[in-house]
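Chemist: Here it is: the structure, laid out below.
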Amino acid sequence: MSNEQMDSFDPFQQAKVEKDQMREARENGSKNNYGGGRTYEEFEYLGLNPDEKKVFRIVSNPVKLNGESLTEKDSRLVMTSQILTDEGKGMCHINWPWKIKNGKFIADPDWFLTRVMNTVFGGTWQPLTEKDVDGVKIVKAADGKIFNAQSKFKSTNKFVVNNPNTPSYKRLKNNKKPSGTFPVDVMPSPQVIMQVIDRMDNWSVVNKTYKILATKANVVEYPNPDGTIKKVVYKDTGISFSMYEKILDHFLNFRKDWYIDCVIKRYKSTSGWTFEIQDAQDFKKLSPEIQKVISEEPLTEEEKSYKFNDLSKLDQISTFNKIKKNLEKLIRQVDIDYNENFLAELETLCTTEKKKFEELYGKENVENGNVDMEEEVQEDVAVTAPVVEVKVEAKVEVPARASREVQAPVETNLEAELVKYFPNWSKLDATDVKVMLADVDKIVPDKGIVYKSGVVTIPCDNKDCVFPGTTIRASFPDKVYNCACCGKKF
Ligand SMILES: [Zn+2]
């Protein structure tokens, strides 16, 4: 077990059990706390942007679904969605309280906003008729049976919304930001927020803080009328729960935890968005650039000392005051369209909530806005075309992995080259280093290390051990006792 695993109980074993059982209906009471604000620029993200291989180390524990209290090290599960605000200038992030039902995460059906949405999207299942047949999705069999050929169980029914012609239904079906092309679902999906060290830049090294892993994170620059540039960061809350499950599966297939570096590339396949995952043990299959930065070593003391981000700011259930501030007109419209009384209920909930905040944080702090009950919504400024989309990453110089581990100052060019070249140079003791510096002639791409004439070398004990970027069995002077390639002791 790796060093960073300090708790006596095994969170991975637990995650496996929870994943496998997943999933008797259980409510996670500890998640359903209210309050607090979200500040958008507070966190640094590693975005799994399309077609880019990202190398990182997960430092968070898995999510807990058993209601146990959370620590800063635990990944968080949030049910989240984005809804266009009344003003129509930005998307309002809503975190929903959730439950597990039949192995799926669902929005708490008793929560205010869930009931509003269920009213708008309510309907009944009705039998398919001749009118529905399109020959592709809905087909008619020889025996006259009409069914949905694309549904798993060849359903003969369709869901018919009670009233799809109301303004509120239309608004919610066309839920997209002003610059958006496609509407997004107003109902939430499960996302996992976990923290990582990005191996592709040295942000964590410099800032002594972990990053947050997200499906997407892009900085977009827009021109201001005065000629200056406005930067907006667009990012997802975290990664989808299904991606989280696949990552967990990947690691638990061959080890007890996920504490080695992993490589993920997200891409669009013919069947939709997918991703491939590799890890530090696939070393030989990785490109030289990735080999340089990837590690299967336990975290260094330095890396262990980095700060975890305060995820409680990201996983709190959205406040009623936030809902009212951004969606009051929508709620009013739902009342009109469906003859309900939701807005009055929301106002009562807001008053109660405000009192609770005042008790918790002091009346003054609530009045003067020190405690943010409403959470600022980031306006979508993409009404005009962006100047440029900047990748969040790739701004900082990529350090070679070995150079992060080496302790002695690098003195010669040869040593600097060897430090960069060997993935496990740090395993060498002082004598090994001295012998290597004396005996190595040069590094030849495709051939590995060429030693000076007369040097007696012995291949590494590990028969799979090759010089980086080659298929040549690694060999070392007979006075060297540790393998700089695979790290094995001779
Ligand atoms: Zn070796």
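We label chains A, B, ... in the order they appear in the structure tokens, count residues from 1 in each chain, and number ligands from 1 in the order shown.
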Using only C-alpha atoms and all ligand atoms, what are the residues with an atom within 12 Å of ligand 1, set out as a VMD selection string?
Modeler: chain A and resid 422 to 425 427 to 428 458 to 468 472 to 476 480 to 490
Chemist: Compile the contact shell of Leu414 of chain A as a list in words: residues with an atom at most 12 Å away, counting only C-alpha atoms, same-chain residues fewer than 3 positions apart removed.
Modeler: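 In the requested form, the answer reads Val410, Glu411, Glu417, Leu418, Val419, Lys420, Tyr421, Val433, Lys434, Met436, Leu437, Ala438, Asp439, Val440, Asp441, Lys442, Ile443 and Ile449 of chain A.
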Chemist: Going by DSSP on the backbone, which bits of segment 232-329 of chain A are helix (DSSP H, G or I)? Write them as a PDB file with C-alpha atoms, in the first residue's frame, please.
Modeler:
```pdb
ATOM      1  CA  PHE A 241     -19.699   9.479 -12.457  1.00  0.00           C
ATOM      2  CA  SER A 242     -19.445   6.900 -15.255  1.00  0.00           C
ATOM      3  CA  MET A 243     -15.922   8.096 -16.067  1.00  0.00           C
ATOM      4  CA  TYR A 244     -15.057   7.948 -12.378  1.00  0.00           C
ATOM      5  CA  GLU A 245     -16.317   4.351 -12.230  1.00  0.00           C
ATOM      6  CA  LYS A 246     -14.220   3.374 -15.240  1.00  0.00           C
ATOM      7  CA  ILE A 247     -11.098   4.946 -13.740  1.00  0.00           C
ATOM      8  CA  LEU A 248     -11.717   3.065 -10.509  1.00  0.00           C
ATOM      9  CA  ASP A 249     -12.249  -0.187 -12.458  1.00  0.00           C
ATOM     10  CA  HIS A 250      -9.030   0.352 -14.390  1.00  0.00           C
ATOM     11  CA  PHE A 251      -6.895   0.595 -11.274  1.00  0.00           C
ATOM     12  CA  LEU A 252      -8.677  -2.026  -9.177  1.00  0.00           C
ATOM     13  CA  ALA A 280       2.674   4.548 -15.215  1.00  0.00           C
ATOM     14  CA  GLN A 281       2.953   0.770 -15.535  1.00  0.00           C
ATOM     15  CA  ASP A 282       2.311   1.059 -19.267  1.00  0.00           C
ATOM     16  CA  PHE A 283       5.595   2.942 -19.425  1.00  0.00           C
ATOM     17  CA  LYS A 284       6.924   1.280 -22.550  1.00  0.00           C
ATOM     18  CA  LYS A 285       3.785   2.027 -24.515  1.00  0.00           C
ATOM     19  CA  PRO A 288       8.962   9.817 -24.780  1.00  0.00           C
ATOM     20  CA  GLU A 289       7.323  13.110 -23.747  1.00  0.00           C
ATOM     21  CA  ILE A 290       4.984  11.298 -21.398  1.00  0.00           C
ATOM     22  CA  GLN A 291       7.705   8.945 -20.176  1.00  0.00           C
ATOM     23  CA  LYS A 292       9.629  12.012 -19.061  1.00  0.00           C
ATOM     24  CA  VAL A 293       6.903  13.259 -16.750  1.00  0.00           C
ATOM     25  CA  GLU A 301       7.041  14.533   1.106  1.00  0.00           C
ATOM     26  CA  GLU A 302       6.911  17.817  -0.775  1.00  0.00           C
ATOM     27  CA  GLU A 303       4.007  16.659  -2.961  1.00  0.00           C
ATOM     28  CA  LYS A 304       2.178  15.287   0.061  1.00  0.00           C
ATOM     29  CA  SER A 312     -17.225  22.052   0.362  1.00  0.00           C
ATOM     30  CA  LYS A 313     -17.506  25.224  -1.694  1.00  0.00           C
ATOM     31  CA  LEU A 314     -18.329  23.149  -4.748  1.00  0.00           C
ATOM     32  CA  ASP A 315     -20.590  20.435  -3.431  1.00  0.00           C
ATOM     33  CA  PHE A 320     -33.302  28.749  -2.278  1.00  0.00           C
ATOM     34  CA  ASN A 321     -32.133  32.350  -2.392  1.00  0.00           C
ATOM     35  CA  LYS A 322     -29.982  31.523  -5.386  1.00  0.00           C
ATOM     36  CA  ILE A 323     -32.900  29.823  -7.098  1.00  0.00           C
ATOM     37  CA  LYS A 324     -35.131  32.820  -6.442  1.00  0.00           C
ATOM     38  CA  LYS A 325     -32.544  35.333  -7.581  1.00  0.00           C
ATOM     39  CA  ASN A 326     -31.962  33.612 -10.914  1.00  0.00           C
ATOM     40  CA  LEU A 327     -35.157  31.716 -11.669  1.00  0.00           C
ATOM     41  CA  GLU A 328     -37.997  33.693 -10.077  1.00  0.00           C
ATOM     42  CA  LYS A 329     -39.628  34.512 -13.426  1.00  0.00           C
TER      43      LYS A 329
END
```
Chemist: Going by DSSP on the backbone, which residues of segment 241-440 of chain A come out as strand (DSSP E or B)? List them as a VMD selection string.
Modeler: chain A and resid 262 to 269 272 to 279 307 317 379 388 to 391 440
Chemist: Which of these residues is nearest to Leu286 of chain A, using only C-alpha atoms: A:Lys16, A:Pro190, A:Lys54, A:Pro298?
Modeler: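 Once distances to Leu286 of chain A are computed over only C-alpha atoms, the minimum belongs to A:Lys54.
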Chemist: Rank nothing, just name the residue among A:Ile94, A:Asp429, A:Glu72, A:Asp446 nearest to Leu113 of chain A, using only C-alpha atoms.
Modeler: A:Ile94
Chemist: For Asn218 of chain A, which of A:Val139, A:Leu48, A:Ile260, A:Val161 is the closest residue, counting only C-alpha atoms?
Modeler: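 Under the stated criterion, the closest residue is A:Leu48.
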Chemist: Find the spatial neighbours of Val456 of chain A, counting only C-alpha atoms, within a cut-off of 9 Å - ignore same-chain residues fewer than 4 positions away - and output them as a list of chain:residue names.
Modeler: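 These residues fall inside the cut-off: A:Tyr451, A:Phe476, A:Pro477, A:Asp478, A:Lys479.
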Chemist: Could you give me, as a ChimeraX atom specification, the residues within 8 Å of Phe12 of chain A, counting only C-alpha atoms and dropping anything in the same chain fewer than 4 positions from it?
Modeler: /A:16,61-62,256-257
Chemist: Nearest to Ile106 of chain A among A:Thr166, A:Asn66, A:Thr80, A:Gln126, with distances taken over only C-alpha atoms: which residue is it?
Modeler: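 Nearest to Ile106 of chain A: A:Thr80.
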Chemist: Give me the residues near segment 347-357 of chain A as a PDB file with N, CA and C atoms, in the first residue's frame, where near means some atom within 9 Å (using only C-alpha atoms) and where sequence neighbours in that chain fewer than 5 positions away do not count.
Modeler:
```pdb
ATOM      1  N   TYR A  34     -26.868  22.987   3.396  1.00  0.00           N
ATOM      2  CA  TYR A  34     -27.185  24.151   2.603  1.00  0.00           C
ATOM      3  C   TYR A  34     -26.192  25.257   2.863  1.00  0.00           C
ATOM      4  N   GLY A  35     -26.059  26.109   1.908  1.00  0.00           N
ATOM      5  CA  GLY A  35     -25.359  27.353   2.178  1.00  0.00           C
ATOM      6  C   GLY A  35     -24.039  27.498   1.469  1.00  0.00           C
ATOM      7  N   THR A 319     -28.715  27.208  -2.746  1.00  0.00           N
ATOM      8  CA  THR A 319     -29.657  27.822  -1.804  1.00  0.00           C
ATOM      9  C   THR A 319     -30.957  28.208  -2.518  1.00  0.00           C
ATOM     10  N   PHE A 320     -32.015  28.285  -1.726  1.00  0.00           N
ATOM     11  CA  PHE A 320     -33.302  28.749  -2.278  1.00  0.00           C
ATOM     12  C   PHE A 320     -33.173  30.202  -2.732  1.00  0.00           C
ATOM     13  N   ASN A 321     -32.326  30.958  -1.998  1.00  0.00           N
ATOM     14  CA  ASN A 321     -32.133  32.350  -2.392  1.00  0.00           C
ATOM     15  C   ASN A 321     -31.473  32.459  -3.765  1.00  0.00           C
ATOM     16  N   LYS A 324     -34.208  31.691  -6.282  1.00  0.00           N
ATOM     17  CA  LYS A 324     -35.131  32.820  -6.442  1.00  0.00           C
ATOM     18  C   LYS A 324     -34.478  33.947  -7.231  1.00  0.00           C
ATOM     19  N   PHE A 342     -45.935  27.591  -6.553  1.00  0.00           N
ATOM     20  CA  PHE A 342     -44.533  27.369  -6.187  1.00  0.00           C
ATOM     21  C   PHE A 342     -43.828  28.632  -5.688  1.00  0.00           C
ATOM     22  N   GLY A 362     -24.395  35.226  11.735  1.00  0.00           N
ATOM     23  CA  GLY A 362     -24.604  36.574  12.244  1.00  0.00           C
ATOM     24  C   GLY A 362     -25.359  37.427  11.236  1.00  0.00           C
ATOM     25  N   LYS A 363     -26.327  38.177  11.760  1.00  0.00           N
ATOM     26  CA  LYS A 363     -27.200  38.956  10.896  1.00  0.00           C
ATOM     27  C   LYS A 363     -26.423  39.930  10.014  1.00  0.00           C
ATOM     28  N   VAL A 366     -24.771  38.472   6.974  1.00  0.00           N
ATOM     29  CA  VAL A 366     -25.703  38.138   5.894  1.00  0.00           C
ATOM     30  C   VAL A 366     -26.147  39.417   5.179  1.00  0.00           C
ATOM     31  N   VAL A 371     -21.518  36.786   3.859  1.00  0.00           N
ATOM     32  CA  VAL A 371     -21.932  35.423   3.572  1.00  0.00           C
ATOM     33  C   VAL A 371     -22.795  35.483   2.320  1.00  0.00           C
ATOM     34  N   MET A 373     -25.364  34.161   0.006  1.00  0.00           N
ATOM     35  CA  MET A 373     -26.435  33.162  -0.062  1.00  0.00           C
ATOM     36  C   MET A 373     -26.899  32.926  -1.488  1.00  0.00           C
TER      37      MET A 373
END
```
Chemist: Check the smallest atom-to-atom distance from each of A:Val59, A:Val120, A:Leu65, A:Leu84 to Tyr338 of chain A using only C-alpha atoms, then report the winner.
Modeler: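 Distance minimum relative to Tyr338 of chain A lands on A:Val120.
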Chemist: Between atom CA of Asp337 of chain A and atom CA of Pro167 of chain A, what is the spacing in Å?
Modeler: 7.5 Å
Chemist: Tell me which protein, DNA and RNA residues are within 6 Å of segment 204-211 of chain A, counting only C-alpha atoms, leaving out same-chain ones fewer than 4 positions away, and put them as a PyMOL selection string.
Modeler: chain A and resi 44-45+195-197+306-308
